[in-house]
$ cat target-v6.cif   # mmCIF, C-alpha atoms and all ligand atoms
data_my_file
#
loop_
_atom_site.label_atom_id
_atom_site.label_comp_id
_atom_site.auth_asym_id
_atom_site.auth_seq_id
_atom_site.Cartn_x
_atom_site.Cartn_y
_atom_site.Cartn_z
CA MET A 174 116.66 -171.33 -235.25
CA ASN A 175 115.18 -174.41 -233.57
CA GLU A 176 111.45 -174.69 -232.98
CA PHE A 177 110.24 -173.77 -229.50
CA THR A 178 106.98 -173.35 -227.63
CA TYR A 179 106.03 -170.05 -226.00
CA THR A 180 104.15 -169.12 -222.81
CA ALA A 181 103.55 -165.69 -221.28
CA ALA A 182 103.67 -165.71 -217.47
CA LYS A 183 101.25 -163.27 -215.79
CA ASP A 184 102.95 -163.11 -212.39
CA PRO A 185 106.16 -164.31 -210.70
CA ALA A 186 104.47 -167.44 -209.33
CA SER A 187 103.39 -168.62 -212.79
CA ALA A 188 106.87 -167.78 -214.15
CA VAL A 189 108.43 -169.94 -211.44
CA ARG A 190 106.02 -172.82 -212.15
CA ALA A 191 106.73 -172.71 -215.88
CA GLY A 192 110.46 -172.01 -215.48
CA VAL A 193 111.28 -175.52 -214.35
CA GLN A 194 110.94 -176.67 -217.95
CA GLY A 195 112.06 -173.72 -220.01
CA SER A 196 114.05 -170.50 -220.41
CA PHE A 197 112.88 -167.07 -219.28
CA ILE A 198 112.84 -164.29 -221.83
CA ALA A 199 112.46 -160.56 -221.06
CA GLY A 200 114.00 -157.98 -223.42
CA GLY A 201 115.60 -160.75 -225.45
CA THR A 202 118.64 -158.62 -226.27
CA ASN A 203 121.04 -161.50 -225.62
CA LEU A 204 118.93 -164.66 -225.72
CA LEU A 205 117.56 -164.03 -229.22
CA ASP A 206 121.11 -163.55 -230.56
CA LEU A 207 122.12 -166.81 -228.91
CA MET A 208 119.11 -168.60 -230.40
CA LYS A 209 119.73 -167.21 -233.89
CA GLU A 210 123.35 -168.35 -233.76
CA GLY A 211 122.36 -171.81 -232.54
CA VAL A 212 124.22 -171.32 -229.27
CA ALA A 213 121.04 -171.56 -227.16
CA ARG A 214 118.28 -173.97 -228.14
CA PRO A 215 115.49 -173.66 -225.55
CA ALA A 216 112.56 -175.95 -226.21
CA HIS A 217 110.22 -173.69 -224.24
CA LEU A 218 110.30 -169.91 -223.74
CA ILE A 219 108.54 -168.24 -220.82
CA ASP A 220 107.93 -164.58 -221.51
CA VAL A 221 108.17 -162.79 -218.15
CA ASN A 222 107.47 -159.25 -219.37
CA ALA A 223 103.96 -159.17 -217.86
CA THR A 224 104.95 -160.32 -214.36
CA GLY A 225 104.69 -156.81 -212.91
CA LEU A 226 108.31 -156.54 -211.83
CA HIS A 227 108.99 -153.17 -213.48
CA THR A 228 108.99 -150.88 -210.47
CA ILE A 229 111.75 -149.22 -208.50
CA ASP A 230 110.74 -148.91 -204.86
CA ARG A 231 112.17 -147.67 -201.58
CA THR A 232 113.08 -150.41 -199.09
CA GLN A 233 112.41 -150.16 -195.36
CA ALA A 234 116.17 -149.93 -194.83
CA GLY A 235 116.28 -146.82 -197.02
CA GLY A 236 117.79 -148.49 -200.08
CA LEU A 237 116.05 -149.33 -203.34
CA LEU A 238 114.47 -152.46 -204.78
CA LEU A 239 114.91 -152.62 -208.56
CA GLY A 240 112.41 -154.80 -210.39
CA ALA A 241 114.09 -157.42 -212.54
CA LEU A 242 111.89 -156.38 -215.45
CA ALA A 243 112.62 -152.64 -215.18
CA ARG A 244 114.49 -151.64 -218.32
CA ASN A 245 118.11 -150.59 -218.08
CA ALA A 246 117.30 -147.12 -219.46
CA ALA A 247 114.41 -146.60 -217.02
CA THR A 248 116.71 -147.62 -214.18
CA ALA A 249 119.58 -145.38 -215.24
CA TYR A 250 117.37 -142.30 -215.62
CA HIS A 251 115.17 -142.90 -212.57
CA PRO A 252 115.48 -139.82 -210.32
CA LEU A 253 116.24 -141.88 -207.21
CA ILE A 254 119.01 -143.77 -209.00
CA ARG A 255 120.50 -140.60 -210.49
CA ASP A 256 120.43 -138.82 -207.14
CA GLU A 257 121.40 -141.64 -204.78
CA TYR A 258 123.36 -144.09 -206.96
CA PRO A 259 125.05 -142.01 -209.69
CA LEU A 260 127.67 -144.75 -210.04
CA LEU A 261 124.95 -147.13 -211.24
CA THR A 262 123.53 -144.59 -213.69
CA ALA A 263 127.00 -143.98 -215.10
CA ALA A 264 127.73 -147.69 -215.49
CA ILE A 265 124.42 -148.48 -217.21
CA LEU A 266 124.81 -145.59 -219.65
CA ALA A 267 128.30 -146.78 -220.51
CA GLY A 268 126.86 -150.06 -221.80
CA ALA A 269 125.31 -151.07 -225.13
CA SER A 270 123.30 -148.50 -227.12
CA PRO A 271 120.20 -146.41 -226.30
CA GLN A 272 118.00 -148.82 -228.26
CA ILE A 273 119.33 -151.86 -226.41
CA ARG A 274 119.13 -150.14 -223.02
CA ASN A 275 115.45 -149.41 -223.76
CA MET A 276 114.77 -153.13 -224.23
CA ALA A 277 117.23 -154.83 -221.89
CA SER A 278 115.92 -155.72 -218.44
CA ASN A 279 117.82 -155.52 -215.18
CA GLY A 280 117.51 -159.26 -214.60
CA GLY A 281 118.65 -159.96 -218.15
CA ASN A 282 121.67 -157.71 -217.67
CA LEU A 283 122.82 -159.94 -214.82
CA LEU A 284 122.19 -163.10 -216.81
CA GLN A 285 123.70 -162.08 -220.15
CA ARG A 286 126.35 -164.45 -221.39
CA THR A 287 129.94 -163.78 -222.33
CA ARG A 288 130.73 -162.08 -225.64
CA CYS A 289 133.69 -164.40 -226.30
CA TYR A 290 133.77 -164.63 -230.11
CA TYR A 291 134.43 -168.38 -230.03
CA PHE A 292 131.38 -168.96 -227.83
CA TYR A 293 129.16 -167.48 -230.56
CA ASP A 294 130.87 -169.40 -233.40
CA THR A 295 129.37 -172.88 -233.48
CA GLY A 296 132.01 -173.90 -236.02
CA VAL A 297 134.74 -174.00 -233.37
CA PRO A 298 135.01 -175.79 -230.02
CA CYS A 299 134.15 -173.99 -226.78
CA ASN A 300 134.02 -175.48 -223.28
CA LYS A 301 131.29 -173.06 -222.23
CA ARG A 302 129.03 -174.04 -225.15
CA GLU A 303 130.03 -177.72 -225.29
CA PRO A 304 131.78 -178.85 -222.11
CA GLY A 305 134.93 -180.81 -222.78
CA SER A 306 135.35 -179.63 -226.38
CA GLY A 307 138.25 -177.23 -225.72
CA CYS A 308 138.99 -173.53 -225.49
CA PRO A 309 140.49 -171.94 -228.62
CA ALA A 310 140.79 -168.55 -226.91
CA VAL A 311 143.63 -169.71 -224.67
CA SER A 312 146.10 -169.86 -227.56
CA ASN A 313 144.57 -167.44 -230.07
CA LEU A 314 142.90 -164.04 -230.07
CA ALA A 315 142.14 -163.10 -226.47
CA ARG A 316 142.02 -159.31 -226.37
CA GLN A 317 138.56 -159.33 -224.76
CA HIS A 318 139.42 -162.14 -222.37
CA ALA A 319 140.24 -162.54 -218.72
CA ILE A 320 143.44 -161.72 -216.88
CA LEU A 321 142.06 -162.61 -213.45
CA GLY A 322 140.26 -165.68 -212.08
CA ALA A 323 140.42 -167.65 -215.34
CA SER A 324 140.91 -171.41 -215.58
CA ASP A 325 142.52 -173.75 -218.11
CA GLN A 326 138.97 -174.52 -219.26
CA CYS A 327 137.75 -170.98 -219.94
CA ILE A 328 139.11 -167.42 -219.99
CA ALA A 329 135.85 -165.64 -220.82
CA THR A 330 134.79 -162.37 -219.21
CA HIS A 331 131.40 -161.18 -218.02
CA PRO A 332 130.35 -158.38 -220.38
CA SER A 333 128.12 -156.23 -218.16
CA ASP A 334 128.89 -152.66 -217.10
CA MET A 335 125.87 -152.48 -214.79
CA CYS A 336 127.12 -155.49 -212.81
CA VAL A 337 130.46 -153.81 -212.08
CA ALA A 338 128.64 -150.98 -210.31
CA LEU A 339 126.27 -153.42 -208.56
CA ALA A 340 129.30 -155.31 -207.24
CA ALA A 341 130.85 -152.10 -205.91
CA LEU A 342 127.53 -151.08 -204.34
CA GLU A 343 127.17 -154.54 -202.72
CA ALA A 344 123.72 -155.23 -204.12
CA THR A 345 121.67 -158.31 -203.26
CA VAL A 346 119.82 -160.43 -205.81
CA HIS A 347 116.35 -161.73 -204.88
CA VAL A 348 115.20 -164.96 -206.49
CA GLU A 349 112.07 -167.09 -206.34
CA SER A 350 111.66 -170.78 -207.02
CA ASN A 351 109.34 -173.62 -206.11
CA SER A 352 111.41 -173.87 -202.89
CA GLY A 353 110.61 -170.27 -201.93
CA HIS A 354 112.53 -167.00 -201.74
CA ARG A 355 116.32 -166.64 -201.59
CA ARG A 356 118.70 -163.66 -201.41
CA ILE A 357 122.13 -163.87 -202.98
CA ALA A 358 124.90 -161.40 -202.19
CA PHE A 359 126.09 -159.89 -205.45
CA ALA A 360 129.65 -161.14 -204.90
CA GLU A 361 128.24 -164.69 -204.81
CA PHE A 362 125.89 -164.38 -207.78
CA HIS A 363 128.36 -164.80 -210.67
CA ARG A 364 130.98 -167.53 -210.49
CA LEU A 365 134.47 -168.12 -211.81
CA PRO A 366 134.74 -170.71 -214.59
CA GLY A 367 136.84 -173.36 -212.81
CA ASP A 368 136.14 -176.75 -214.35
CA ARG A 369 132.45 -175.94 -215.01
CA PRO A 370 132.67 -172.98 -217.42
CA GLU A 371 129.21 -173.73 -218.81
CA ILE A 372 127.71 -172.42 -215.53
CA ASP A 373 127.74 -168.61 -215.21
CA THR A 374 125.90 -168.04 -211.93
CA THR A 375 125.00 -169.68 -208.63
CA LEU A 376 121.30 -169.78 -209.57
CA ALA A 377 119.73 -173.21 -209.16
CA PRO A 378 117.69 -174.60 -212.07
CA GLY A 379 114.26 -172.94 -212.20
CA GLU A 380 115.21 -169.98 -209.98
CA PHE A 381 113.77 -166.71 -211.22
CA VAL A 382 115.40 -163.34 -210.49
CA THR A 383 112.71 -160.96 -209.20
CA HIS A 384 114.63 -157.97 -207.80
CA ILE A 385 117.99 -156.39 -207.21
CA GLU A 386 118.29 -154.65 -203.86
CA LEU A 387 120.60 -151.69 -203.37
CA PRO A 388 121.60 -150.95 -199.77
CA PRO A 389 121.60 -147.29 -198.75
CA ALA A 390 124.86 -145.73 -199.94
CA PRO A 391 124.73 -141.99 -199.26
CA GLN A 392 128.44 -142.06 -198.40
CA PHE A 393 129.31 -142.80 -202.04
CA VAL A 394 127.17 -140.20 -203.83
CA ARG A 395 129.69 -137.39 -204.03
CA HIS A 396 132.82 -139.30 -204.89
CA CYS A 397 132.22 -142.03 -207.42
CA ALA A 398 133.25 -142.74 -210.99
CA TYR A 399 132.78 -145.29 -213.75
CA LEU A 400 135.62 -145.50 -216.24
CA LYS A 401 135.28 -147.67 -219.33
CA ILE A 402 138.05 -148.37 -221.82
CA ARG A 403 137.07 -150.10 -225.07
CA GLU A 404 138.26 -150.78 -228.60
CA ARG A 405 136.07 -148.11 -230.24
CA ALA A 406 134.31 -145.00 -229.02
CA SER A 407 130.78 -146.41 -228.77
CA TYR A 408 128.80 -149.62 -228.63
CA ALA A 409 131.61 -151.92 -227.55
CA PHE A 410 132.27 -154.10 -224.56
CA ALA A 411 134.91 -153.07 -222.06
CA LEU A 412 138.52 -154.09 -222.39
CA VAL A 413 138.73 -152.81 -218.84
CA SER A 414 136.21 -150.90 -216.78
CA VAL A 415 136.31 -149.62 -213.21
CA ALA A 416 133.64 -148.68 -210.69
CA ALA A 417 135.20 -146.59 -207.93
CA ALA A 418 133.53 -145.00 -204.91
CA LEU A 419 135.06 -143.18 -201.97
CA GLN A 420 133.84 -141.68 -198.74
CA LEU A 421 136.04 -138.85 -197.53
CA ASP A 422 135.97 -137.90 -193.86
CA ALA A 423 135.84 -134.34 -192.51
CA ALA A 424 139.65 -134.05 -192.67
CA GLY A 425 139.67 -135.25 -196.28
CA ARG A 426 141.07 -138.73 -195.64
CA ILE A 427 139.45 -141.83 -197.13
CA GLY A 428 136.88 -143.28 -194.73
CA ALA A 429 135.56 -146.05 -197.00
CA ALA A 430 136.34 -147.29 -200.49
CA ARG A 431 134.82 -149.56 -203.11
CA LEU A 432 136.64 -150.63 -206.25
CA ALA A 433 135.48 -153.14 -208.86
CA LEU A 434 136.92 -154.10 -212.24
CA GLY A 435 134.94 -155.19 -215.31
CA GLY A 436 136.16 -156.80 -218.53
CA VAL A 437 138.92 -158.73 -216.76
CA ALA A 438 137.24 -161.81 -215.25
CA HIS A 439 134.24 -164.15 -215.41
CA LYS A 440 132.61 -161.86 -212.81
CA PRO A 441 133.13 -158.30 -211.53
CA TRP A 442 136.46 -158.33 -209.72
CA ARG A 443 136.99 -156.89 -206.25
CA SER A 444 139.69 -157.19 -203.61
CA ALA A 445 138.83 -156.52 -199.96
CA ARG A 446 142.53 -155.95 -199.27
CA ALA A 447 142.83 -153.28 -201.96
CA GLU A 448 139.83 -151.42 -200.50
CA GLU A 449 141.09 -151.74 -196.93
CA LEU A 450 144.46 -150.34 -197.99
CA LEU A 451 142.78 -147.10 -199.01
CA VAL A 452 141.02 -146.50 -195.69
CA GLY A 453 142.79 -143.86 -193.63
CA GLU A 454 144.92 -142.70 -196.57
CA TRP A 455 144.90 -139.28 -198.20
CA PRO A 456 143.18 -139.49 -201.60
CA GLU A 457 146.40 -139.17 -203.57
CA PRO A 458 147.96 -140.99 -206.55
CA ALA A 459 150.45 -142.99 -204.46
CA ALA A 460 147.66 -144.58 -202.40
CA PHE A 461 145.58 -145.20 -205.53
CA GLU A 462 148.45 -146.88 -207.36
CA LYS A 463 149.14 -149.13 -204.39
CA ALA A 464 145.49 -150.20 -204.16
CA ALA A 465 145.34 -150.75 -207.93
CA ALA A 466 148.42 -152.98 -207.76
CA VAL A 467 146.82 -155.11 -205.05
CA LEU A 468 143.52 -155.26 -206.95
CA THR A 469 145.30 -156.72 -209.99
CA GLU A 470 147.59 -159.08 -208.05
CA GLY A 471 147.77 -162.48 -209.70
CA ALA A 472 146.79 -161.14 -213.14
CA ARG A 473 147.96 -163.41 -215.94
CA PRO A 474 147.84 -162.83 -219.71
CA HIS A 475 146.27 -165.17 -222.27
CA GLY A 476 146.29 -165.46 -226.05
CA GLN A 477 149.23 -165.41 -228.42
CA GLY A 478 151.12 -162.83 -230.47
CA PRO A 479 148.97 -159.85 -231.47
CA GLY A 480 146.01 -161.65 -229.87
CA SER A 481 147.59 -161.57 -226.42
CA ASN A 482 145.82 -159.59 -223.74
CA ALA A 483 149.01 -158.87 -221.76
CA PHE A 484 148.34 -155.16 -222.31
CA LYS A 485 145.28 -155.42 -220.07
CA ILE A 486 147.35 -155.93 -216.93
CA PRO A 487 148.96 -152.45 -216.86
CA MET A 488 145.76 -151.04 -218.38
CA ALA A 489 143.65 -152.38 -215.50
CA ARG A 490 146.12 -151.06 -212.93
CA ARG A 491 146.23 -147.58 -214.44
CA ALA A 492 142.48 -147.48 -215.03
CA ALA A 493 141.78 -148.35 -211.38
CA ALA A 494 144.10 -145.58 -210.15
CA ARG A 495 142.59 -143.12 -212.63
CA ALA A 496 139.01 -143.99 -211.68
CA LEU A 497 139.84 -143.30 -208.04
CA GLU A 498 141.23 -139.88 -209.02
CA MET A 499 138.05 -139.19 -210.99
CA ALA A 500 135.96 -140.21 -207.98
CA VAL A 501 137.77 -137.71 -205.77
CA ARG A 502 136.90 -134.99 -208.27
CA GLY A 503 133.30 -136.20 -208.45
CA GLN A 504 133.75 -136.75 -212.19
CA THR A 505 131.18 -139.50 -212.41
CA THR A 506 131.63 -140.81 -215.93
CA ILE A 507 134.27 -140.78 -218.57
CA ILE A 508 134.52 -142.97 -221.62
CA PRO A 509 137.44 -141.63 -223.62
CA GLY A 510 136.26 -140.36 -227.00
CA SER A 511 132.62 -141.29 -226.48
CA GLY A 512 131.11 -137.91 -225.73
CA LEU A 513 129.74 -139.34 -222.49
CA GLU A 514 132.10 -137.39 -220.25
CA GLY A 515 130.22 -135.92 -217.33
CA VAL A 516 126.90 -137.34 -218.46
CA VAL A 517 125.68 -137.68 -214.92
CA ALA A 518 127.69 -135.22 -212.90
FE1 LIG B 1 134.52 -170.87 -224.78
FE2 LIG B 1 135.35 -169.73 -222.53
FE3 LIG B 1 137.12 -170.54 -224.28
FE4 LIG B 1 135.55 -168.47 -224.88
S1 LIG B 1 137.06 -168.53 -223.30
S2 LIG B 1 136.12 -170.20 -226.20
S3 LIG B 1 133.67 -169.03 -223.81
S4 LIG B 1 135.67 -171.84 -223.17
#
$ encode --input "target-v6.cif" --output "structure tokens" --more "lines below"
Ligand code: SF4
Amino acid sequence: MNEFTYTAAKDPASAVRAGVQGSFIAGGTNLLDLMKEGVARPAHLIDVNATGLHTIDRTQAGGLLLGALARNAATAYHPLIRDEYPLLTAAILAGASPQIRNMASNGGNLLQRTRCYYFYDTGVPCNKREPGSGCPAVSNLARQHAILGASDQCIATHPSDMCVALAALEATVHVESNSGHRRIAFAEFHRLPGDRPEIDTTLAPGEFVTHIELPPAPQFVRHCAYLKIRERASYAFALVSVAAALQLDAAGRIGAARLALGGVAHKPWRSARAEELLVGEWPEPAAFEKAAAVLTEGARPHGQGPGSNAFKIPMARRAAARALEMAVRGQTTIIPGSGLEGVVA
């Protein structure tokens, strides 16, 4: 590990002042791994754990403001989140392990980097780690990699479960910098790799995430589901995950729908057209399959031979349709084989 200097910020303003020249650290559940592997080499670390951003508060609009430093576990089990945003609870509990969720912060969850194996292996090229060096994933093992929104430069996926639910719930990210306060719609926060795969988000240098705002979403409490499919039963990143939420009208037809995929792109993947297709339909398999097909339109496999991720295309389509069926039943969580079935409901 390279040498670095360390400062503890005592409030958001001092974090912002110090952040211009260093990297923020909160739970450290990703950054320390990156530093140990030599992937990240910050010269200066700003510890933001004492900045007072641990609370979860009601907004004037009736939503919630999640502190960036609130831990993932505290967020998932918070009574207001469990009662009003069970989709978010389900998604957070589908991620990582209890120990990691106790340490990982909400802001850090958004900013965690891809788990592409080549990115962590400094012995091989990687455009995200060293721009212009190449992408070995494209023609090798790519089971964990993208089928949507990838570029010739990078086919990495964003690893978060929490972010898939935040995308479906249309959260807003609040950031502070020396230029003041800025709000970023969740759909605009993470970016696709394009020809700058080294950049994961639309944050400007020195911007500090202070909060994540959830709009009121009472219409999605009863009928929501988070489905995660992974290589082993616990402590693994998603091959495919789905956050699904439906509002059913008095007659039982779909009044509103949200559908986001994880594990398939450089950011949580949504399609406005797929969601619009569901509105006015009866909540039945034919409508779900049609929406799932639209959601995965343009999907393209990567990797070669047994390393190909072609299997993820039908998997994503079926998972999306299945998550919608689970949402109708109010079966909030299912991770096949994990023992987490019905953990929230
Ligand atoms: Fe690097 Fe992206 Fe290629 Fe992985 S997929 S090796 S992160 S460039």
$ closest_residue --input "target-v6.cif" --among "A:Gly281, A:Gly353, A:Gly192, A:Gly435" --to "A:Ala492" --atoms "only C-alpha atoms"
A:Gly435
$ closest_residue --input "target-v6.cif" --among "A:Ala329, A:Ala263, A:Leu400, A:Ala249" --to "ligand LIG 1 (chain B)" --atoms "all atoms listed in the file"
A:Ala329
$ residues_near_ligand --input "target-v6.cif" --ligand "ligand LIG 1 (chain B)" --cutoff "7 Å" --atoms "all atoms listed in the file" --output "list in words"
Thr287, Cys289, Tyr290, Tyr291, Phe292, Pro298, Cys299, Asn300, Lys301, Arg302, Gly307, Cys308, Pro309, Ala310, Val311, His318, Gln326, Cys327, Ile328, Ala329 and Pro370 of chain A
$ closest_residue --input "target-v6.cif" --among "A:Leu421, A:Ala213, A:Ile219, A:Leu376" --to "A:Ser187" --atoms "only C-alpha atoms"
A:Ile219
$ closest_residue --input "target-v6.cif" --among "A:Ser350, A:Asp256, A:Val437, A:Leu204" --to "A:Ser333" --atoms "all atoms listed in the file"
A:Val437
$ closest_atom_pairs --input "target-v6.cif" --of "stretch 182-246 of chain A" --to "stretch 387-393 of chain A" --cutoff "8 Å" --atoms "all atoms listed in the file" --output "Markdown table"
| residue | atom | partner | partner_atom | distance |
| --- | --- | --- | --- | --- |
| A:Ala234 | CA | A:Pro389 | CA | 7.2 |
| A:Gly235 | CA | A:Pro389 | CA | 5.6 |
| A:Gly236 | CA | A:Pro389 | CA | 4.2 |
| A:Leu237 | CA | A:Leu387 | CA | 5.1 |
| A:Leu238 | CA | A:Leu387 | CA | 6.3 |
| A:Leu239 | CA | A:Leu387 | CA | 7.8 |
$ decode --input "target-v6.cif" --residues "stretch 427-436 of chain A" --atoms "all heavy atoms" --output "PDB file, in the first residue's frame"
ATOM      1  N   ILE A 427     -52.846  -2.168 -13.677  1.00  0.00           N
ATOM      2  CA  ILE A 427     -51.617  -1.473 -13.287  1.00  0.00           C
ATOM      3  C   ILE A 427     -51.779   0.030 -13.537  1.00  0.00           C
ATOM      4  O   ILE A 427     -52.050   0.459 -14.659  1.00  0.00           O
ATOM      5  CB  ILE A 427     -50.409  -2.021 -14.072  1.00  0.00           C
ATOM      6  CG1 ILE A 427     -50.214  -3.516 -13.753  1.00  0.00           C
ATOM      7  CG2 ILE A 427     -49.141  -1.233 -13.756  1.00  0.00           C
ATOM      8  CD1 ILE A 427     -49.233  -4.221 -14.661  1.00  0.00           C
ATOM      9  N   GLY A 428     -51.604   0.820 -12.465  1.00  0.00           N
ATOM     10  CA  GLY A 428     -51.708   2.266 -12.588  1.00  0.00           C
ATOM     11  C   GLY A 428     -50.355   2.928 -12.776  1.00  0.00           C
ATOM     12  O   GLY A 428     -50.241   3.977 -13.400  1.00  0.00           O
ATOM     13  N   ALA A 429     -49.318   2.325 -12.211  1.00  0.00           N
ATOM     14  CA  ALA A 429     -47.949   2.848 -12.345  1.00  0.00           C
ATOM     15  C   ALA A 429     -46.985   1.690 -12.152  1.00  0.00           C
ATOM     16  O   ALA A 429     -47.299   0.725 -11.437  1.00  0.00           O
ATOM     17  CB  ALA A 429     -47.686   3.942 -11.310  1.00  0.00           C
ATOM     18  N   ALA A 430     -45.832   1.786 -12.795  1.00  0.00           N
ATOM     19  CA  ALA A 430     -44.853   0.694 -12.707  1.00  0.00           C
ATOM     20  C   ALA A 430     -43.441   1.249 -12.701  1.00  0.00           C
ATOM     21  O   ALA A 430     -43.150   2.243 -13.363  1.00  0.00           O
ATOM     22  CB  ALA A 430     -45.021  -0.249 -13.899  1.00  0.00           C
ATOM     23  N   ARG A 431     -42.591   0.594 -11.939  1.00  0.00           N
ATOM     24  CA  ARG A 431     -41.145   0.891 -11.955  1.00  0.00           C
ATOM     25  C   ARG A 431     -40.409  -0.443 -12.078  1.00  0.00           C
ATOM     26  O   ARG A 431     -40.783  -1.428 -11.426  1.00  0.00           O
ATOM     27  CB  ARG A 431     -40.711   1.575 -10.658  1.00  0.00           C
ATOM     28  CG  ARG A 431     -41.413   2.888 -10.383  1.00  0.00           C
ATOM     29  CD  ARG A 431     -40.791   4.047 -11.153  1.00  0.00           C
ATOM     30  NE  ARG A 431     -41.553   5.264 -10.939  1.00  0.00           N
ATOM     31  CZ  ARG A 431     -41.443   6.051  -9.876  1.00  0.00           C
ATOM     32  NH1 ARG A 431     -40.579   5.726  -8.929  1.00  0.00           N
ATOM     33  NH2 ARG A 431     -42.169   7.133  -9.761  1.00  0.00           N
ATOM     34  N   LEU A 432     -39.355  -0.431 -12.877  1.00  0.00           N
ATOM     35  CA  LEU A 432     -38.641  -1.669 -13.163  1.00  0.00           C
ATOM     36  C   LEU A 432     -37.185  -1.317 -13.441  1.00  0.00           C
ATOM     37  O   LEU A 432     -36.900  -0.545 -14.372  1.00  0.00           O
ATOM     38  CB  LEU A 432     -39.281  -2.300 -14.406  1.00  0.00           C
ATOM     39  CG  LEU A 432     -38.964  -3.740 -14.788  1.00  0.00           C
ATOM     40  CD1 LEU A 432     -39.252  -4.689 -13.636  1.00  0.00           C
ATOM     41  CD2 LEU A 432     -39.784  -4.120 -16.020  1.00  0.00           C
ATOM     42  N   ALA A 433     -36.268  -1.826 -12.620  1.00  0.00           N
ATOM     43  CA  ALA A 433     -34.848  -1.536 -12.827  1.00  0.00           C
ATOM     44  C   ALA A 433     -34.044  -2.825 -12.727  1.00  0.00           C
ATOM     45  O   ALA A 433     -34.331  -3.679 -11.887  1.00  0.00           O
ATOM     46  CB  ALA A 433     -34.361  -0.529 -11.791  1.00  0.00           C
ATOM     47  N   LEU A 434     -33.045  -2.939 -13.595  1.00  0.00           N
ATOM     48  CA  LEU A 434     -32.170  -4.114 -13.599  1.00  0.00           C
ATOM     49  C   LEU A 434     -30.817  -3.755 -12.992  1.00  0.00           C
ATOM     50  O   LEU A 434     -30.288  -2.663 -13.234  1.00  0.00           O
ATOM     51  CB  LEU A 434     -31.919  -4.593 -15.027  1.00  0.00           C
ATOM     52  CG  LEU A 434     -33.051  -5.285 -15.781  1.00  0.00           C
ATOM     53  CD1 LEU A 434     -32.625  -5.521 -17.233  1.00  0.00           C
ATOM     54  CD2 LEU A 434     -33.421  -6.607 -15.114  1.00  0.00           C
ATOM     55  N   GLY A 435     -30.246  -4.693 -12.243  1.00  0.00           N
ATOM     56  CA  GLY A 435     -28.873  -4.566 -11.751  1.00  0.00           C
ATOM     57  C   GLY A 435     -28.029  -5.699 -12.312  1.00  0.00           C
ATOM     58  O   GLY A 435     -28.558  -6.716 -12.776  1.00  0.00           O
ATOM     59  N   GLY A 436     -26.714  -5.528 -12.274  1.00  0.00           N
ATOM     60  CA  GLY A 436     -25.800  -6.580 -12.730  1.00  0.00           C
ATOM     61  C   GLY A 436     -25.676  -6.690 -14.234  1.00  0.00           C
ATOM     62  O   GLY A 436     -25.033  -7.621 -14.724  1.00  0.00           O
TER      63      GLY A 436
END
